[in-house]
>>> print(open('model-v8.tsv').read())   # TSV, C-alpha atoms and all ligand atoms
chain	number	residue	atom	x	y	z
Y	133	MET	CA	0.00	0.00	0.00
Y	134	LEU	CA	1.47	3.35	-1.03
Y	135	GLN	CA	1.86	5.88	1.76
Y	136	ALA	CA	0.62	9.44	1.27
Y	137	GLY	CA	3.46	11.46	-0.27
Y	138	SER	CA	4.42	8.61	-2.62
Y	139	THR	CA	4.75	9.32	-6.33
Y	140	ILE	CA	2.64	7.87	-9.14
Y	141	GLY	CA	3.90	8.04	-12.73
Y	142	ILE	CA	1.35	8.52	-15.51
Y	143	ILE	CA	2.22	7.83	-19.15
Y	144	GLY	CA	0.22	10.18	-21.34
Y	145	GLY	CA	-0.66	13.81	-20.76
Y	146	GLY	CA	-4.25	14.17	-21.95
Y	147	GLN	CA	-7.44	14.85	-20.03
Y	148	LEU	CA	-7.60	11.36	-18.56
Y	149	GLY	CA	-4.10	11.81	-17.12
Y	150	ARG	CA	-5.18	15.21	-15.83
Y	151	MET	CA	-8.17	13.80	-13.96
Y	152	LEU	CA	-6.06	10.92	-12.61
Y	153	ALA	CA	-3.46	13.42	-11.34
Y	154	MET	CA	-6.17	15.47	-9.62
Y	155	ALA	CA	-7.59	12.35	-7.96
Y	156	ALA	CA	-4.09	11.29	-6.89
Y	157	ALA	CA	-3.48	14.71	-5.34
Y	158	ARG	CA	-6.70	14.42	-3.31
Y	159	LEU	CA	-5.37	11.17	-1.85
Y	160	GLY	CA	-2.06	12.83	-0.92
Y	161	PHE	CA	0.05	11.47	-3.79
Y	162	LYS	CA	2.44	13.23	-6.12
Y	163	THR	CA	2.35	12.63	-9.88
Y	164	ILE	CA	4.86	12.75	-12.73
Y	165	ILE	CA	3.60	12.81	-16.31
Y	166	LEU	CA	5.57	11.33	-19.22
Y	167	GLU	CA	4.42	13.14	-22.36
Y	168	PRO	CA	6.26	14.55	-25.39
Y	169	GLN	CA	3.98	17.59	-25.71
Y	170	GLU	CA	4.87	20.56	-23.48
Y	171	ASP	CA	2.21	22.07	-21.18
Y	172	CYS	CA	-0.14	19.14	-21.72
Y	173	PRO	CA	-3.50	19.01	-19.85
Y	174	ALA	CA	-2.17	16.51	-17.27
Y	175	ALA	CA	1.10	18.32	-16.54
Y	176	GLN	CA	-0.82	21.50	-15.72
Y	177	VAL	CA	-2.08	19.82	-12.54
Y	178	ALA	CA	0.79	17.39	-11.80
Y	179	ASN	CA	4.02	17.82	-9.82
Y	180	ARG	CA	6.32	17.32	-12.76
Y	181	GLN	CA	6.45	16.48	-16.45
Y	182	ILE	CA	9.14	14.43	-18.13
Y	183	THR	CA	8.97	15.80	-21.67
Y	184	ALA	CA	10.02	12.91	-23.89
Y	185	ALA	CA	8.70	10.27	-26.27
Y	186	TYR	CA	6.80	7.39	-24.65
Y	187	ASP	CA	9.49	4.94	-25.78
Y	188	ASP	CA	12.52	7.02	-24.75
Y	189	ARG	CA	14.55	4.58	-22.61
Y	190	SER	CA	16.35	7.16	-20.50
Y	191	ALA	CA	13.07	9.00	-19.83
Y	192	LEU	CA	11.40	5.71	-18.87
Y	193	GLN	CA	14.36	4.94	-16.58
Y	194	ALA	CA	14.04	8.37	-14.95
Y	195	LEU	CA	10.28	7.85	-14.53
Y	196	ALA	CA	10.79	4.42	-12.93
Y	197	GLU	CA	13.41	5.80	-10.53
Y	198	ALA	CA	11.21	8.70	-9.45
Y	199	CYS	CA	7.94	6.75	-9.01
Y	200	ASP	CA	6.60	4.11	-6.65
Y	201	VAL	CA	4.15	2.84	-9.27
Y	202	VAL	CA	3.51	3.73	-12.92
Y	203	THR	CA	0.18	3.71	-14.72
Y	204	TYR	CA	-1.06	5.01	-18.07
Y	205	GLU	CA	-3.96	6.99	-19.47
Y	206	PHE	CA	-4.16	5.75	-23.08
Y	207	GLU	CA	-4.06	2.34	-24.70
Y	208	ASN	CA	-1.49	3.05	-27.37
Y	209	VAL	CA	1.43	3.28	-24.96
Y	210	PRO	CA	4.16	1.22	-26.69
Y	211	VAL	CA	3.99	-2.25	-25.14
Y	212	GLU	CA	7.81	-2.47	-25.04
Y	213	ALA	CA	7.89	0.72	-22.94
Y	214	ALA	CA	5.43	-0.74	-20.42
Y	215	GLN	CA	7.32	-4.04	-20.36
Y	216	PHE	CA	10.63	-2.26	-19.81
Y	217	LEU	CA	9.12	-0.18	-17.00
Y	218	ALA	CA	7.76	-3.36	-15.40
Y	219	THR	CA	11.36	-4.61	-15.03
Y	220	GLN	CA	12.21	-1.42	-13.12
Y	221	THR	CA	9.11	-0.70	-11.01
Y	222	ILE	CA	5.48	-1.70	-10.54
Y	223	VAL	CA	3.24	-1.10	-13.57
Y	224	TYR	CA	-0.56	-1.27	-13.35
Y	225	PRO	CA	-2.69	-2.19	-15.27
Y	226	PRO	CA	-0.53	-5.14	-16.42
Y	227	PRO	CA	1.23	-4.58	-19.79
Y	228	LEU	CA	-0.60	-7.69	-21.08
Y	229	ALA	CA	-3.85	-5.69	-21.02
Y	230	LEU	CA	-2.23	-3.05	-23.24
Y	231	GLU	CA	-0.88	-5.63	-25.63
Y	232	ILE	CA	-4.26	-7.30	-26.08
Y	233	SER	CA	-6.30	-4.13	-26.40
Y	234	GLN	CA	-3.96	-2.68	-29.05
Y	235	ASP	CA	-4.80	-5.34	-31.62
Y	236	ARG	CA	-8.45	-6.02	-32.48
Y	237	VAL	CA	-7.62	-9.61	-33.41
Y	238	ALA	CA	-5.83	-10.33	-30.12
Y	239	GLU	CA	-8.69	-8.57	-28.29
Y	240	LYS	CA	-11.44	-10.59	-29.99
Y	241	GLN	CA	-9.49	-13.84	-29.50
Y	242	PHE	CA	-8.93	-13.09	-25.82
Y	243	LEU	CA	-12.56	-12.16	-25.25
Y	244	ASN	CA	-13.82	-15.29	-27.03
Y	245	GLU	CA	-11.34	-17.53	-25.16
Y	246	SER	CA	-12.54	-15.95	-21.91
Y	247	GLY	CA	-16.11	-16.99	-22.78
Y	248	ILE	CA	-17.29	-13.52	-23.83
Y	249	ALA	CA	-19.37	-13.21	-27.02
Y	250	THR	CA	-18.33	-10.73	-29.71
Y	251	ALA	CA	-19.53	-10.01	-33.24
Y	252	PRO	CA	-18.30	-12.74	-35.61
Y	253	TRP	CA	-14.99	-11.67	-37.15
Y	254	ARG	CA	-12.35	-12.58	-39.72
Y	255	ILE	CA	-8.75	-11.46	-40.22
Y	256	VAL	CA	-8.38	-9.37	-43.38
Y	257	ASP	CA	-4.98	-8.75	-44.96
Y	258	ASP	CA	-6.03	-8.11	-48.55
Y	259	VAL	CA	-9.01	-7.76	-50.91
Y	260	GLN	CA	-9.38	-11.54	-51.34
Y	261	ASP	CA	-9.60	-11.98	-47.56
Y	262	LEU	CA	-12.19	-9.23	-47.43
Y	263	ILE	CA	-14.43	-10.80	-50.08
Y	264	ALA	CA	-14.14	-14.21	-48.37
Y	265	ALA	CA	-14.90	-12.64	-44.98
Y	266	LEU	CA	-17.91	-10.74	-46.33
Y	267	SER	CA	-19.40	-13.87	-47.84
Y	268	ALA	CA	-18.82	-15.75	-44.55
Y	269	LEU	CA	-20.40	-13.00	-42.42
Y	270	GLY	CA	-23.65	-12.40	-44.30
Y	271	GLU	CA	-22.30	-9.93	-46.88
Y	272	ARG	CA	-22.39	-7.10	-44.41
Y	273	GLY	CA	-19.76	-5.89	-41.98
Y	274	ILE	CA	-17.39	-3.25	-40.71
Y	275	LEU	CA	-13.77	-3.30	-41.82
Y	276	LYS	CA	-11.54	-2.01	-39.03
Y	277	THR	CA	-7.79	-1.59	-38.83
Y	278	ARG	CA	-6.31	-3.97	-36.25
Y	279	ARG	CA	-4.34	-1.16	-34.63
Y	280	PHE	CA	-4.64	2.55	-33.82
Y	281	GLY	CA	-8.35	2.89	-34.54
Y	282	TYR	CA	-10.30	5.11	-32.18
Y	283	ASP	CA	-13.46	7.22	-32.25
Y	284	GLY	CA	-14.60	5.42	-35.42
Y	285	LYS	CA	-11.36	6.22	-37.30
Y	286	GLY	CA	-9.90	3.53	-39.58
Y	287	GLN	CA	-13.31	1.93	-40.23
Y	288	VAL	CA	-15.33	1.26	-43.39
Y	289	ARG	CA	-18.89	-0.14	-43.57
Y	290	LEU	CA	-19.54	-2.63	-46.35
Y	291	THR	CA	-22.64	-4.26	-47.81
Y	292	GLY	CA	-22.68	-6.86	-50.59
Y	293	LEU	CA	-19.94	-8.73	-52.46
Y	294	ASP	CA	-18.68	-5.95	-54.66
Y	295	ASN	CA	-15.01	-6.35	-55.68
Y	296	GLU	CA	-14.65	-2.68	-56.47
Y	297	ALA	CA	-16.09	-1.55	-53.12
Y	298	ALA	CA	-13.88	-4.08	-51.33
Y	299	ALA	CA	-10.76	-2.79	-53.10
Y	300	GLN	CA	-11.77	0.77	-52.28
Y	301	ALA	CA	-12.30	-0.13	-48.59
Y	302	VAL	CA	-8.87	-1.75	-48.37
Y	303	GLY	CA	-7.44	1.38	-50.00
Y	304	THR	CA	-9.24	3.63	-47.51
Y	305	ILE	CA	-7.48	1.91	-44.63
Y	306	ARG	CA	-4.23	2.02	-46.65
Y	307	ASN	CA	-3.87	-1.77	-46.85
Y	308	ALA	CA	-3.34	-1.89	-43.08
Y	309	PRO	CA	-3.78	-5.28	-41.37
Y	310	ALA	CA	-7.48	-5.39	-40.55
Y	311	ILE	CA	-10.45	-7.31	-39.24
Y	312	LEU	CA	-13.94	-7.62	-40.68
Y	313	GLU	CA	-16.63	-7.65	-38.01
Y	314	GLY	CA	-20.11	-8.91	-38.77
Y	315	PHE	CA	-22.63	-6.07	-38.59
Y	316	VAL	CA	-24.45	-6.07	-35.25
Y	317	GLU	CA	-28.05	-4.83	-35.30
Y	318	PHE	CA	-27.96	-3.36	-31.81
Y	319	THR	CA	-30.70	-1.44	-30.05
Y	320	ARG	CA	-28.34	0.48	-27.80
Y	321	GLU	CA	-24.71	0.82	-26.79
Y	322	VAL	CA	-23.72	0.54	-23.16
Y	323	SER	CA	-20.51	0.34	-21.17
Y	324	VAL	CA	-19.37	-0.68	-17.75
Y	325	ILE	CA	-16.58	0.93	-15.79
Y	326	ALA	CA	-14.98	-1.87	-13.80
Y	327	ALA	CA	-12.25	-1.89	-11.17
Y	328	ARG	CA	-10.15	-4.69	-9.73
Y	329	ASP	CA	-7.54	-4.58	-6.99
Y	330	LYS	CA	-4.44	-6.73	-6.43
Y	331	ALA	CA	-6.34	-9.12	-4.18
Y	332	GLY	CA	-8.91	-9.75	-6.93
Y	333	ASN	CA	-11.77	-7.70	-5.46
Y	334	VAL	CA	-14.00	-6.25	-8.18
Y	335	ARG	CA	-16.24	-3.18	-8.10
Y	336	LEU	CA	-18.45	-2.10	-10.99
Y	337	TYR	CA	-20.19	1.20	-11.56
Y	338	ASP	CA	-23.73	1.21	-12.90
Y	339	ILE	CA	-24.09	0.43	-16.59
Y	340	THR	CA	-23.96	3.56	-18.76
Y	341	GLU	CA	-25.88	4.13	-21.98
Y	342	ASN	CA	-23.79	5.84	-24.62
Y	343	ILE	CA	-24.73	7.83	-27.69
Y	344	HIS	CA	-22.09	8.60	-30.32
Y	345	LYS	CA	-22.14	11.45	-32.86
Y	346	ASN	CA	-19.79	11.37	-35.86
Y	347	GLY	CA	-18.01	8.42	-34.25
Y	348	ILE	CA	-17.24	10.34	-31.04
Y	349	LEU	CA	-18.97	9.81	-27.69
Y	350	ASP	CA	-21.60	12.51	-27.26
Y	351	THR	CA	-23.54	11.56	-24.12
Y	352	SER	CA	-23.43	8.93	-21.38
Y	353	ALA	CA	-26.56	8.44	-19.29
Y	354	VAL	CA	-27.24	6.51	-16.10
Y	355	PRO	CA	-29.32	4.55	-15.54
Y	356	ALA	CA	-29.22	2.84	-18.94
Y	357	ALA	CA	-32.63	1.76	-20.25
Y	358	ILE	CA	-31.84	-1.95	-19.95
Y	359	SER	CA	-33.27	-4.91	-18.06
Y	360	THR	CA	-31.66	-6.40	-14.96
Y	361	ASP	CA	-30.73	-9.47	-17.04
Y	362	THR	CA	-28.83	-7.29	-19.51
Y	363	ALA	CA	-27.01	-5.51	-16.68
Y	364	VAL	CA	-26.10	-8.86	-15.15
Y	365	ALA	CA	-24.77	-10.11	-18.51
Y	366	CYS	CA	-22.48	-7.05	-18.78
Y	367	ALA	CA	-21.33	-7.49	-15.18
Y	368	ARG	CA	-20.55	-11.18	-15.75
Y	369	ALA	CA	-18.48	-10.38	-18.82
Y	370	ALA	CA	-16.59	-7.66	-16.91
Y	371	HIS	CA	-15.78	-10.06	-14.07
Y	372	LYS	CA	-14.53	-12.67	-16.54
Y	373	LEU	CA	-12.34	-10.17	-18.37
Y	374	LEU	CA	-10.82	-8.60	-15.25
Y	375	HIS	CA	-9.89	-11.97	-13.80
Y	376	ALA	CA	-8.60	-13.37	-17.11
Y	377	LEU	CA	-6.25	-10.36	-17.38
Y	378	ASP	CA	-5.30	-10.48	-13.68
Y	379	TYR	CA	-6.16	-6.82	-13.98
Y	380	VAL	CA	-5.36	-4.06	-11.49
Y	381	GLY	CA	-6.98	-0.67	-12.04
Y	382	VAL	CA	-10.04	0.66	-13.85
Y	383	LEU	CA	-11.13	-0.60	-17.25
Y	384	GLY	CA	-13.85	0.60	-19.66
Y	385	PHE	CA	-15.76	-2.18	-21.41
Y	386	GLU	CA	-18.22	-1.43	-24.25
Y	387	PHE	CA	-21.15	-3.59	-25.34
Y	388	PHE	CA	-23.90	-3.73	-27.92
Y	389	VAL	CA	-27.35	-4.61	-26.57
Y	390	LEU	CA	-29.54	-6.66	-28.91
Y	391	ASP	CA	-33.30	-6.63	-29.26
Y	392	ASP	CA	-33.71	-9.68	-27.01
Y	393	GLY	CA	-31.67	-8.03	-24.24
Y	394	SER	CA	-28.55	-10.14	-24.77
Y	395	VAL	CA	-25.19	-8.41	-25.08
Y	396	ILE	CA	-22.19	-8.62	-27.38
Y	397	ALA	CA	-18.83	-7.21	-26.33
Y	398	ASN	CA	-17.45	-4.52	-28.63
Y	399	GLU	CA	-14.10	-3.51	-27.13
Y	400	PHE	CA	-12.35	-2.65	-23.89
Y	401	ALA	CA	-9.88	0.05	-22.93
Y	402	PRO	CA	-7.36	-0.69	-20.15
Y	403	ARG	CA	-7.79	2.71	-18.56
Y	404	VAL	CA	-10.31	5.15	-17.19
Y	405	HIS	CA	-12.93	5.81	-19.84
Y	406	ASN	CA	-14.88	8.75	-21.24
Y	407	SER	CA	-18.16	6.94	-20.52
Y	408	GLY	CA	-17.21	6.94	-16.81
Y	409	HIS	CA	-16.77	10.70	-16.39
Y	410	TRP	CA	-20.22	10.95	-14.82
Y	411	THR	CA	-18.88	9.10	-11.75
Y	412	GLU	CA	-17.11	12.27	-10.55
Y	413	ALA	CA	-20.50	13.96	-10.20
Y	414	ALA	CA	-22.82	11.11	-9.16
Y	415	CYS	CA	-20.69	8.80	-6.98
Y	416	ALA	CA	-18.72	9.38	-3.78
Y	417	VAL	CA	-15.65	7.80	-5.40
Y	418	SER	CA	-15.02	8.64	-9.08
Y	419	GLN	CA	-13.49	6.27	-11.63
Y	420	PHE	CA	-10.30	8.36	-11.38
Y	421	GLU	CA	-9.99	7.96	-7.62
Y	422	GLN	CA	-10.90	4.28	-8.00
Y	423	HIS	CA	-8.04	3.77	-10.45
Y	424	ILE	CA	-5.57	5.55	-8.19
Y	425	ARG	CA	-6.80	3.50	-5.22
Y	426	ALA	CA	-6.33	0.26	-7.17
Y	427	VAL	CA	-2.82	1.01	-8.45
Y	428	ALA	CA	-1.75	2.38	-5.05
Y	429	GLY	CA	-2.97	-0.74	-3.24
Y	430	LEU	CA	-5.65	1.14	-1.29
Y	431	PRO	CA	-9.09	-0.41	-0.69
Y	432	LEU	CA	-11.51	0.09	-3.60
Y	433	GLY	CA	-14.26	2.62	-2.97
Y	434	ASP	CA	-18.03	2.38	-3.06
Y	435	THR	CA	-19.40	2.57	-6.62
Y	436	ARG	CA	-23.02	3.34	-5.73
Y	437	ARG	CA	-24.65	6.14	-7.69
Y	438	HIS	CA	-26.39	8.76	-5.58
Y	439	SER	CA	-28.10	10.48	-8.53
Y	440	ASP	CA	-29.24	9.82	-12.06
Y	441	CYS	CA	-27.32	11.93	-14.54
Y	442	VAL	CA	-26.26	12.57	-18.11
Y	443	MET	CA	-22.69	13.42	-19.07
Y	444	GLN	CA	-22.18	15.41	-22.25
Y	445	ASN	CA	-18.84	15.90	-23.96
Y	446	LEU	CA	-17.90	19.44	-24.95
Y	447	ILE	CA	-16.27	19.04	-28.33
Y	448	GLY	CA	-14.65	21.86	-30.31
Y	449	ASP	CA	-16.91	24.92	-30.30
Y	450	ASP	CA	-19.18	23.37	-27.66
Y	451	VAL	CA	-16.98	25.22	-25.15
Y	452	LEU	CA	-18.79	28.37	-26.19
Y	453	GLN	CA	-21.68	26.99	-24.11
Y	454	VAL	CA	-19.63	27.29	-20.92
Y	455	PRO	CA	-21.16	30.56	-19.65
Y	456	ALA	CA	-24.67	29.10	-20.10
Y	457	ILE	CA	-23.64	25.84	-18.39
Y	458	LEU	CA	-22.24	27.80	-15.45
Y	459	ALA	CA	-25.63	29.43	-15.04
Y	460	GLU	CA	-27.38	26.05	-14.74
Y	461	SER	CA	-28.03	24.46	-11.39
Y	462	ASP	CA	-27.08	20.79	-10.99
Y	463	ALA	CA	-24.45	20.97	-13.76
Y	464	VAL	CA	-20.93	19.82	-12.90
Y	465	LEU	CA	-18.46	21.28	-15.42
Y	466	HIS	CA	-14.99	19.97	-16.11
Y	467	LEU	CA	-12.62	21.67	-18.59
Y	468	TYR	CA	-9.33	20.14	-19.68
Y	469	GLY	CA	-7.08	23.20	-19.98
Y	470	LYS	CA	-6.68	22.93	-23.76
Y	471	ALA	CA	-5.95	26.30	-25.37
Y	472	GLU	CA	-7.32	25.72	-28.86
Y	473	ALA	CA	-10.86	24.44	-29.57
Y	474	ARG	CA	-10.25	22.52	-32.78
Y	475	PRO	CA	-13.18	20.65	-34.41
Y	476	GLY	CA	-13.53	17.14	-32.96
Y	477	ARG	CA	-11.26	17.95	-29.99
Y	478	LYS	CA	-12.56	17.01	-26.55
Y	479	MET	CA	-12.36	20.27	-24.56
Y	480	GLY	CA	-14.30	19.28	-21.46
Y	481	HIS	CA	-17.53	17.71	-20.29
Y	482	VAL	CA	-20.55	18.55	-18.22
Y	483	THR	CA	-22.55	16.16	-16.06
Y	484	ARG	CA	-26.12	17.19	-15.39
Y	485	ILE	CA	-27.41	15.71	-12.18
Y	486	LYS	CA	-31.10	14.90	-12.07
Y	487	SER	CA	-32.08	16.13	-8.67
Y	488	GLU	CA	-34.96	14.56	-6.78
Y	489	LYS	CA	-38.17	16.51	-7.13
Y	501	LIG	P1	-15.42	1.04	-32.31
Y	501	LIG	O1	-14.32	2.03	-32.58
Y	501	LIG	O2	-15.04	-0.35	-32.64
Y	501	LIG	O3	-15.96	1.19	-30.92
Y	501	LIG	O4	-16.63	1.44	-33.30
Y	501	LIG	C1	-17.21	2.74	-33.31
Y	501	LIG	C2	-18.71	2.64	-33.42
Y	501	LIG	O5	-19.10	1.97	-34.64
Y	501	LIG	C3	-19.38	1.82	-32.31
Y	501	LIG	O6	-19.57	2.60	-31.17
Y	501	LIG	C4	-20.68	1.40	-33.00
Y	501	LIG	O7	-21.62	2.46	-32.99
Y	501	LIG	C5	-20.26	1.15	-34.42
Y	501	LIG	N1	-19.87	-0.27	-34.60
Y	501	LIG	C6	-18.66	-0.78	-34.33
Y	501	LIG	N2	-18.61	-2.11	-34.59
Y	501	LIG	C7	-19.84	-2.45	-35.03
Y	501	LIG	C8	-20.43	-3.69	-35.46
Y	501	LIG	N3	-19.72	-4.84	-35.50
Y	501	LIG	N4	-21.72	-3.67	-35.84
Y	501	LIG	C9	-22.44	-2.51	-35.83
Y	501	LIG	N5	-21.94	-1.33	-35.44
Y	501	LIG	C10	-20.66	-1.27	-35.03
>>> encode(input="model-v8.tsv", output="structure tokens", more="lines below")
Ligand code: AMP
Amino acid sequence: MLQAGSTIGIIGGGQLGRMLAMAAARLGFKTIILEPQEDCPAAQVANRQITAAYDDRSALQALAEACDVVTYEFENVPVEAAQFLATQTIVYPPPLALEISQDRVAEKQFLNESGIATAPWRIVDDVQDLIAALSALGERGILKTRRFGYDGKGQVRLTGLDNEAAAQAVGTIRNAPAILEGFVEFTREVSVIAARDKAGNVRLYDITENIHKNGILDTSAVPAAISTDTAVACARAAHKLLHALDYVGVLGFEFFVLDDGSVIANEFAPRVHNSGHWTEAACAVSQFEQHIRAVAGLPLGDTRRHSDCVMQNLIGDDVLQVPAILAESDAVLHLYGKAEARPGRKMGHVTRIKSEK
């Protein structure tokens, strides 16, 4: 168990690192951010920034020497960097979780081997593979790059066995190694924010219902409009995944809900998750504090929700709404300290608490 005053290293300097650093500070810890970009959102609220590439060996060495434990805020941390750090200090979540989540094929294989249902899928390395995969999966699917896809980037929707369309799709993703996923006719998208400590204790927050716009998360609402059976199915899958990974920390796990209430896993992120931001406003212990507790070896906190709420991302020009949001009652605003509001850039979020009437 880390004593107050200990130092936690965070790889990645974005808003998730920022909110982790703030939660760490509340628990009496210091934080050091490893991030190549100067004056990043996380470093603005941390004790120190090591300004270097994520795979810079001497920077990683310096981080390991200065920290009692190291964690990360994004899933594309180079696996070799996390593995190297793990030879020098404690790294949570385990680098294995990074490795699996970085490759959609490894992720689907791991989920299926852990007894968790996903959309049917095929590996696609060229146009022939794609045509074969489309005919195997009902002539309809989503082509996704195996690596570095996020917020709907690196994805192409396909219908029918059209050679020209297939060639175009493979060109769109620049011939990158890919996967074809069967198209899931879902009724809603939900996620669960799950935490596990070193001893194997698990705590889950309430299931969140997510709505995306232009491939980016727009709103997350709790409670989700799902049955108890559906919630239990998500919780079961989360338990299975956390234990299979021998996970320590918080993880975001996304699902599709089908018409009959059953669920299909979409993907997981081995980190705090945008769809869990509402926890800072509607729970005594936020996902950020929960993650810091887990990696610091402190007891996990209560995940009960004291209010219903809706979190809305503030993307690009949405920040212009800030004065109006500040005038609302029951709105909890969080801005990320980013100077420039570029289109598609997450600038902050607001959680609107539904107060009891
Ligand atoms: P992803 O980056 O894999 O989370 O995909 C982005 C979004 O595309 C998801 O949130 C869904 O709305 C949609 N999507 C992804 N995979 C599928 C699928 N197999 N079937 C239907 N819709 C999907």
>>> residues_near_ligand(input="model-v8.tsv", ligand="ligand LIG 501 (chain Y)", cutoff="8 Å", atoms="only C-alpha atoms and all ligand atoms", output="list in words")
Ala251, Gly273, Ile274, Lys276, Gly281, Tyr282, Asp283, Gly284, Lys285, Gln287, Glu313, Gly314, Phe315, Val316, Glu317, Phe318, Glu321, His344, Gly347, Ile348, Glu386, Phe388, Asn398 and Glu399 of chain Y
>>> atom_distance(input="model-v8.tsv", atom1="CA of Leu467 (chain Y)", atom2="CA of Gln234 (chain Y)")
27.9 Å
>>> closest_residue(input="model-v8.tsv", among="Y:Met443, Y:Leu349, Y:Val395, Y:Ala428", to="Gly476 (chain Y)", atoms="only C-alpha atoms")
Y:Leu349
>>> residues_around(input="model-v8.tsv", residues="region 407-413 of chain Y", least_positions_apart="4", cutoff="9 Å", atoms="all atoms listed in the file", output="PyMOL selection string")
chain Y and resi 322-325+337+340-342+349+351-354+384+417-421+435+437+439+441-444+463-464+481-485
>>> closest_residue(input="model-v8.tsv", among="Y:Ile424, Y:Ala298, Y:Leu458, Y:Leu336", to="Met151 (chain Y)", atoms="all atoms listed in the file")
Y:Ile424
>>> closest_residue(input="model-v8.tsv", among="Y:Arg425, Y:Asn244, Y:Arg436, Y:Ala299", to="Ala157 (chain Y)", atoms="all atoms listed in the file")
Y:Arg425
>>> closest_residue(input="model-v8.tsv", among="Y:Asn307, Y:Ala414, Y:Leu269, Y:Leu374", to="Pro355 (chain Y)", atoms="only C-alpha atoms")
Y:Ala414
>>> atom_distance(input="model-v8.tsv", atom1="CA of Gln453 (chain Y)", atom2="CA of Gly144 (chain Y)")
27.7 Å
>>> atom_distance(input="model-v8.tsv", atom1="CA of Gly141 (chain Y)", atom2="CA of Ala174 (chain Y)")
11.4 Å
>>> build_atoms(input="model-v8.tsv", residues="region 462-467 of chain Y", atoms="all heavy atoms", output="PDB file, in the frame of the given file")
ATOM      1  N   ASP Y 462     -27.261  22.239 -10.837  1.00  0.00           N
ATOM      2  CA  ASP Y 462     -27.080  20.790 -10.990  1.00  0.00           C
ATOM      3  C   ASP Y 462     -26.197  20.391 -12.173  1.00  0.00           C
ATOM      4  O   ASP Y 462     -26.282  19.261 -12.656  1.00  0.00           O
ATOM      5  CB  ASP Y 462     -28.425  20.066 -11.115  1.00  0.00           C
ATOM      6  CG  ASP Y 462     -29.326  20.361  -9.939  1.00  0.00           C
ATOM      7  OD1 ASP Y 462     -28.790  20.471  -8.814  1.00  0.00           O
ATOM      8  OD2 ASP Y 462     -30.539  20.494 -10.132  1.00  0.00           O
ATOM      9  N   ALA Y 463     -25.379  21.319 -12.671  1.00  0.00           N
ATOM     10  CA  ALA Y 463     -24.450  20.970 -13.760  1.00  0.00           C
ATOM     11  C   ALA Y 463     -23.027  21.001 -13.212  1.00  0.00           C
ATOM     12  O   ALA Y 463     -22.602  21.999 -12.624  1.00  0.00           O
ATOM     13  CB  ALA Y 463     -24.595  21.954 -14.911  1.00  0.00           C
ATOM     14  N   VAL Y 464     -22.312  19.894 -13.375  1.00  0.00           N
ATOM     15  CA  VAL Y 464     -20.930  19.820 -12.900  1.00  0.00           C
ATOM     16  C   VAL Y 464     -20.026  19.917 -14.131  1.00  0.00           C
ATOM     17  O   VAL Y 464     -20.027  19.023 -14.978  1.00  0.00           O
ATOM     18  CB  VAL Y 464     -20.672  18.492 -12.144  1.00  0.00           C
ATOM     19  CG1 VAL Y 464     -19.247  18.435 -11.630  1.00  0.00           C
ATOM     20  CG2 VAL Y 464     -21.668  18.322 -11.000  1.00  0.00           C
ATOM     21  N   LEU Y 465     -19.284  21.022 -14.226  1.00  0.00           N
ATOM     22  CA  LEU Y 465     -18.460  21.280 -15.420  1.00  0.00           C
ATOM     23  C   LEU Y 465     -17.018  20.880 -15.173  1.00  0.00           C
ATOM     24  O   LEU Y 465     -16.476  21.066 -14.088  1.00  0.00           O
ATOM     25  CB  LEU Y 465     -18.524  22.787 -15.732  1.00  0.00           C
ATOM     26  CG  LEU Y 465     -17.658  23.286 -16.900  1.00  0.00           C
ATOM     27  CD1 LEU Y 465     -18.162  22.749 -18.234  1.00  0.00           C
ATOM     28  CD2 LEU Y 465     -17.614  24.809 -16.906  1.00  0.00           C
ATOM     29  N   HIS Y 466     -16.408  20.315 -16.203  1.00  0.00           N
ATOM     30  CA  HIS Y 466     -14.990  19.970 -16.110  1.00  0.00           C
ATOM     31  C   HIS Y 466     -14.319  20.343 -17.431  1.00  0.00           C
ATOM     32  O   HIS Y 466     -14.671  19.810 -18.474  1.00  0.00           O
ATOM     33  CB  HIS Y 466     -14.836  18.463 -15.827  1.00  0.00           C
ATOM     34  CG  HIS Y 466     -13.525  18.129 -15.209  1.00  0.00           C
ATOM     35  ND1 HIS Y 466     -13.371  17.210 -14.191  1.00  0.00           N
ATOM     36  CD2 HIS Y 466     -12.279  18.603 -15.456  1.00  0.00           C
ATOM     37  CE1 HIS Y 466     -12.098  17.146 -13.847  1.00  0.00           C
ATOM     38  NE2 HIS Y 466     -11.414  17.967 -14.600  1.00  0.00           N
ATOM     39  N   LEU Y 467     -13.371  21.278 -17.379  1.00  0.00           N
ATOM     40  CA  LEU Y 467     -12.620  21.670 -18.590  1.00  0.00           C
ATOM     41  C   LEU Y 467     -11.197  21.133 -18.486  1.00  0.00           C
ATOM     42  O   LEU Y 467     -10.653  20.977 -17.391  1.00  0.00           O
ATOM     43  CB  LEU Y 467     -12.605  23.205 -18.720  1.00  0.00           C
ATOM     44  CG  LEU Y 467     -13.976  23.854 -18.926  1.00  0.00           C
ATOM     45  CD1 LEU Y 467     -13.854  25.377 -18.924  1.00  0.00           C
ATOM     46  CD2 LEU Y 467     -14.638  23.370 -20.204  1.00  0.00           C
TER      47      LEU Y 467
END
